[in-house]
Amino acid sequence: MSLPPAHWKATQAIQSMAIERVQRPIWDAVLAAAWGARNATAKERFRTEIRGSALTPHFYQTADGWRAPLWHLPARPGSTGEPVILSTGIALNHRTLDLHQDRSLVRHLHAEGFDVFVLNHRGDECSEPPHDHAAFDFDDIVAHDVPAAIAEVKTISGAERVHWIGHGLGGQLLVAHLANDGDRDIASAVNICSAATFQPMKATARRIAHVAQLMPKHWRIPIRKIQDILTAASRPQDLVVLSRRIEGPMMRSLMIEGTQDLGIGLVQQMAKWTEVGHLCNRDNRFDYTAGLHGRKVHLLAIAAPDDPMCPLPAAKAAIDQLAEGHGEWWPLEAGWGHLDPIAGADAPRVIFPKVSSWLDIHRNRCWARP
């Protein structure tokens, strides 16, 4: 049995990624040689060998014609199978949540009896735009992709509600969906290093944002190629900006395997947030963070004190808006960075059990009617 013609292009995009992985060894050898030349005295490998993901794609379609895969690891036989949607941070792909056998949030949740999905939306490279529209921004993902993905997961699982885990941008999508009266969809949620308020950008970042505003909205920034080059040119100490607990070889593998190209329209709207100081829609007429006020959503917010992308107060802002007794705030101890809670060496021992325990408390809400 073959996929319907409507899915052929999106399937070809996934196949092209598989072909690229076959060709990667040559390119990886070039990157490793460049890194070795720059770090001749380093006593570590360039990168860790990464095996295939346990996830397989399942396609959904939005009301405005976009198609994208939900990466799926079905619930194990005999489990209760509550559905959980994981959504990644900016310019990161599904592999960041299933990067390695011993530190995969996907496989941890699967072992705990959940039906696991990782969201791809129109901002991700495997998505297929309709013929008459290719430009998009954050608001488009919130208005179309998130509801369509949740509806598809409900259909597959038979559940009335879903759990949601968002890292960075993935948590911001949750905040915006809840502010759009999407709380009836969510049994419980976990936001990891996800900012709901913002500080003004530094001078260099402002210049980059200004350039982005001048670029066509439908363009994509080739993050994957840029990251390959930056990783090959990096020194071990350069990785501290994003991580304090991911070993050098693993971190370089994450940067190479786990990144993806980035839509200009999404960058433009995110730049707007830093101008106004809060999570807003494209014309700043609606404050998504304020839209959480008084909502009875069971949300756990996890934040890392050494995360330059999400300071502690920025992550706590979402919890502060919820009805009393519904949010839980968990700031980590010093030494945790932006990527550590999803891929750090200590994440399977410290973070993953806390996340699954939070979902476990609210399992029954997946099956109860709103």
# chains A, B, ... in the order shown; residues from 1 in each chain; ligands from 1
>>> closest_atom_pairs(of="region 64-141 of chain A", to="region 158-180 of chain A", cutoff="12 Å", atoms="only C-alpha atoms", output="Markdown table")
| residue | atom | partner | partner_atom | distance |
| --- | --- | --- | --- | --- |
| A:Thr80 | CA | A:Ala159 | CA | 10.8 |
| A:Gly81 | CA | A:Ala159 | CA | 9.2 |
| A:Glu82 | CA | A:Ala159 | CA | 7.3 |
| A:Pro83 | CA | A:Val162 | CA | 5.4 |
| A:Val84 | CA | A:His163 | CA | 4.4 |
| A:Ile85 | CA | A:Trp164 | CA | 4.8 |
| A:Leu86 | CA | A:Ile165 | CA | 4.7 |
| A:Ser87 | CA | A:Gly170 | CA | 4.4 |
| A:Thr88 | CA | A:Gly170 | CA | 5.0 |
| A:Gly89 | CA | A:Gly168 | CA | 4.4 |
| A:Ile90 | CA | A:Leu169 | CA | 5.4 |
| A:Ala91 | CA | A:Leu169 | CA | 9.0 |
| A:Leu92 | CA | A:Leu169 | CA | 9.5 |
| A:Asn93 | CA | A:Gly170 | CA | 11.0 |
| A:His94 | CA | A:His167 | CA | 11.3 |
| A:Thr96 | CA | A:His167 | CA | 10.3 |
| A:Leu97 | CA | A:His167 | CA | 9.7 |
| A:Leu105 | CA | A:Ile165 | CA | 10.1 |
| A:Val106 | CA | A:Ile165 | CA | 10.7 |
| A:Leu109 | CA | A:Ile165 | CA | 10.9 |
| A:Phe114 | CA | A:His163 | CA | 9.6 |
| A:Asp115 | CA | A:Val162 | CA | 9.8 |
| A:Val116 | CA | A:His163 | CA | 9.6 |
| A:Phe117 | CA | A:Trp164 | CA | 9.5 |
| A:Val118 | CA | A:Ile165 | CA | 9.3 |
| A:Leu119 | CA | A:Gly170 | CA | 8.8 |
| A:Asn120 | CA | A:Gly170 | CA | 10.3 |
| A:His121 | CA | A:Gly170 | CA | 10.4 |
| A:Gly123 | CA | A:Leu169 | CA | 10.9 |
| A:Asp137 | CA | A:Leu173 | CA | 11.6 |
| A:Phe138 | CA | A:Leu173 | CA | 8.0 |
| A:Asp139 | CA | A:Ala176 | CA | 8.5 |
| A:Asp140 | CA | A:Leu173 | CA | 10.6 |
| A:Ile141 | CA | A:Leu173 | CA | 7.9 |
>>> residues_around(residues="region 321-334 of chain A", least_positions_apart="2", cutoff="9 Å", atoms="only C-alpha atoms", output="list in words")
Thr289, Ala290, Gly291, Leu292, His293, Gly294, Arg295, Lys296, Val297, His298, Leu299, Leu300, Ala301, Ile302, Ala303, Ala304, Pro305, Asp306, Leu312, Ala315, Lys316, Ala317, Ala318, Ile319, Trp336 and Gly337 of chain A
>>> write_last_selection(atoms="C-alpha atoms", output="tab-separated table (two decimals), in the first residue's frame")
chain	number	residue	atom	x	y	z
A	289	THR	CA	1.35	35.40	27.91
A	290	ALA	CA	-1.37	37.61	29.41
A	291	GLY	CA	-3.88	35.34	27.69
A	292	LEU	CA	-2.97	32.63	30.23
A	293	HIS	CA	-4.37	34.69	33.09
A	294	GLY	CA	-6.61	32.62	35.34
A	295	ARG	CA	-6.54	29.51	33.15
A	296	LYS	CA	-6.75	26.19	34.96
A	297	VAL	CA	-4.01	24.38	33.10
A	298	HIS	CA	-1.70	21.91	34.85
A	299	LEU	CA	1.67	23.25	33.75
A	300	LEU	CA	5.15	22.43	35.04
A	301	ALA	CA	7.80	24.99	34.05
A	302	ILE	CA	11.45	23.94	34.19
A	303	ALA	CA	14.21	26.50	33.74
A	304	ALA	CA	18.00	26.49	33.81
A	305	PRO	CA	19.84	29.28	35.65
A	306	ASP	CA	22.75	29.26	33.17
A	312	LEU	CA	14.52	32.22	35.16
A	315	ALA	CA	10.19	31.07	32.18
A	316	LYS	CA	8.29	31.68	35.43
A	317	ALA	CA	6.10	34.35	33.82
A	318	ALA	CA	3.80	31.72	32.33
A	319	ILE	CA	3.26	30.02	35.70
A	336	TRP	CA	22.32	23.68	33.80
A	337	GLY	CA	22.18	25.31	30.34
>>> closest_atom_pairs(of="region 204-296 of chain A", to="region 32-48 of chain A", cutoff="10 Å", atoms="only C-alpha atoms", output="tab-separated table")
residue	atom	partner	partner_atom	distance
A:Ile229	CA	A:Ala34	CA	9.2
A:Leu230	CA	A:Trp35	CA	9.7
A:Thr231	CA	A:Trp35	CA	7.7
A:Ala232	CA	A:Trp35	CA	4.6
A:Ala233	CA	A:Trp35	CA	5.8
A:Ser234	CA	A:Trp35	CA	7.0
A:Arg235	CA	A:Asn39	CA	6.7
A:Pro236	CA	A:Ala42	CA	8.3
A:Glu247	CA	A:Thr48	CA	9.3
A:Gly248	CA	A:Arg47	CA	7.3
A:Pro249	CA	A:Arg47	CA	3.7
A:Met250	CA	A:Thr48	CA	5.2
A:Met251	CA	A:Arg47	CA	7.6
A:Arg252	CA	A:Arg47	CA	5.6
A:Ser253	CA	A:Arg47	CA	5.3
A:Leu254	CA	A:Arg47	CA	8.9
A:Met255	CA	A:Arg47	CA	9.9
A:Ile256	CA	A:Arg47	CA	9.2
>>> write_last_selection(atoms="N, CA, C and O atoms", output="PDB file, in the first residue's frame")
ATOM      1  N   ILE A 229      29.565  24.185   9.729  1.00  0.00           N
ATOM      2  CA  ILE A 229      30.813  24.938   9.635  1.00  0.00           C
ATOM      3  C   ILE A 229      31.234  25.473  11.005  1.00  0.00           C
ATOM      4  O   ILE A 229      32.404  25.379  11.392  1.00  0.00           O
ATOM      5  N   LEU A 230      30.269  26.014  11.753  1.00  0.00           N
ATOM      6  CA  LEU A 230      30.584  26.538  13.083  1.00  0.00           C
ATOM      7  C   LEU A 230      31.059  25.431  14.025  1.00  0.00           C
ATOM      8  O   LEU A 230      31.962  25.654  14.834  1.00  0.00           O
ATOM      9  N   THR A 231      30.458  24.250  13.901  1.00  0.00           N
ATOM     10  CA  THR A 231      30.855  23.138  14.762  1.00  0.00           C
ATOM     11  C   THR A 231      32.276  22.695  14.444  1.00  0.00           C
ATOM     12  O   THR A 231      33.083  22.428  15.342  1.00  0.00           O
ATOM     13  N   ALA A 232      32.597  22.611  13.147  1.00  0.00           N
ATOM     14  CA  ALA A 232      33.948  22.215  12.752  1.00  0.00           C
ATOM     15  C   ALA A 232      34.987  23.241  13.185  1.00  0.00           C
ATOM     16  O   ALA A 232      36.143  22.897  13.456  1.00  0.00           O
ATOM     17  N   ALA A 233      34.561  24.503  13.283  1.00  0.00           N
ATOM     18  CA  ALA A 233      35.501  25.572  13.663  1.00  0.00           C
ATOM     19  C   ALA A 233      35.517  25.848  15.163  1.00  0.00           C
ATOM     20  O   ALA A 233      36.269  26.702  15.622  1.00  0.00           O
ATOM     21  N   SER A 234      34.723  25.097  15.920  1.00  0.00           N
ATOM     22  CA  SER A 234      34.579  25.388  17.342  1.00  0.00           C
ATOM     23  C   SER A 234      35.728  24.829  18.169  1.00  0.00           C
ATOM     24  O   SER A 234      36.456  23.930  17.735  1.00  0.00           O
ATOM     25  N   ARG A 235      35.847  25.361  19.365  1.00  0.00           N
ATOM     26  CA  ARG A 235      36.722  24.814  20.393  1.00  0.00           C
ATOM     27  C   ARG A 235      35.838  24.281  21.521  1.00  0.00           C
ATOM     28  O   ARG A 235      34.694  24.716  21.660  1.00  0.00           O
ATOM     29  N   PRO A 236      36.322  23.322  22.311  1.00  0.00           N
ATOM     30  CA  PRO A 236      35.478  22.744  23.361  1.00  0.00           C
ATOM     31  C   PRO A 236      34.812  23.779  24.256  1.00  0.00           C
ATOM     32  O   PRO A 236      33.645  23.621  24.636  1.00  0.00           O
ATOM     33  N   GLU A 247      28.596  16.313  27.015  1.00  0.00           N
ATOM     34  CA  GLU A 247      29.986  16.112  26.649  1.00  0.00           C
ATOM     35  C   GLU A 247      30.246  16.652  25.247  1.00  0.00           C
ATOM     36  O   GLU A 247      29.361  16.655  24.394  1.00  0.00           O
ATOM     37  N   GLY A 248      31.497  17.077  25.000  1.00  0.00           N
ATOM     38  CA  GLY A 248      31.846  17.679  23.721  1.00  0.00           C
ATOM     39  C   GLY A 248      31.452  16.857  22.509  1.00  0.00           C
ATOM     40  O   GLY A 248      30.778  17.365  21.601  1.00  0.00           O
ATOM     41  N   PRO A 249      31.826  15.570  22.423  1.00  0.00           N
ATOM     42  CA  PRO A 249      31.448  14.766  21.250  1.00  0.00           C
ATOM     43  C   PRO A 249      29.935  14.655  21.062  1.00  0.00           C
ATOM     44  O   PRO A 249      29.436  14.722  19.936  1.00  0.00           O
ATOM     45  N   MET A 250      29.186  14.514  22.170  1.00  0.00           N
ATOM     46  CA  MET A 250      27.729  14.430  22.076  1.00  0.00           C
ATOM     47  C   MET A 250      27.135  15.763  21.643  1.00  0.00           C
ATOM     48  O   MET A 250      26.209  15.819  20.828  1.00  0.00           O
ATOM     49  N   MET A 251      27.658  16.856  22.164  1.00  0.00           N
ATOM     50  CA  MET A 251      27.154  18.177  21.815  1.00  0.00           C
ATOM     51  C   MET A 251      27.390  18.471  20.338  1.00  0.00           C
ATOM     52  O   MET A 251      26.511  19.015  19.654  1.00  0.00           O
ATOM     53  N   ARG A 252      28.549  18.102  19.824  1.00  0.00           N
ATOM     54  CA  ARG A 252      28.809  18.347  18.411  1.00  0.00           C
ATOM     55  C   ARG A 252      27.909  17.480  17.532  1.00  0.00           C
ATOM     56  O   ARG A 252      27.475  17.913  16.463  1.00  0.00           O
ATOM     57  N   SER A 253      27.606  16.270  17.986  1.00  0.00           N
ATOM     58  CA  SER A 253      26.646  15.437  17.249  1.00  0.00           C
ATOM     59  C   SER A 253      25.263  16.067  17.242  1.00  0.00           C
ATOM     60  O   SER A 253      24.562  16.047  16.230  1.00  0.00           O
ATOM     61  N   LEU A 254      24.866  16.637  18.391  1.00  0.00           N
ATOM     62  CA  LEU A 254      23.569  17.296  18.465  1.00  0.00           C
ATOM     63  C   LEU A 254      23.516  18.482  17.508  1.00  0.00           C
ATOM     64  O   LEU A 254      22.519  18.681  16.804  1.00  0.00           O
ATOM     65  N   MET A 255      24.581  19.256  17.456  1.00  0.00           N
ATOM     66  CA  MET A 255      24.605  20.422  16.582  1.00  0.00           C
ATOM     67  C   MET A 255      24.545  20.038  15.109  1.00  0.00           C
ATOM     68  O   MET A 255      23.985  20.758  14.286  1.00  0.00           O
ATOM     69  N   ILE A 256      25.102  18.881  14.768  1.00  0.00           N
ATOM     70  CA  ILE A 256      25.118  18.445  13.379  1.00  0.00           C
ATOM     71  C   ILE A 256      23.853  17.679  13.013  1.00  0.00           C
ATOM     72  O   ILE A 256      23.258  17.890  11.960  1.00  0.00           O
TER      73      ILE A 256
END
>>> select_by_dssp(residues="region 70-295 of chain A", states="alpha helix (DSSP H)", output="number ranges by chain")
A: 105-111, 138-140, 146-157, 169-177, 203-214, 223-232, 248-257, 264-276
>>> residues_around(residues="Pro147 (chain A)", least_positions_apart="6", cutoff="10 Å", atoms="only C-alpha atoms", output="ChimeraX atom specification")
/A:62-63,141,153,177,182,185
>>> atom_distance(atom1="CA of Asp183 (chain A)", atom2="CA of Ala195 (chain A)")
18.9 Å
>>> atom_distance(atom1="CA of Gln237 (chain A)", atom2="CA of Ala345 (chain A)")
17.1 Å
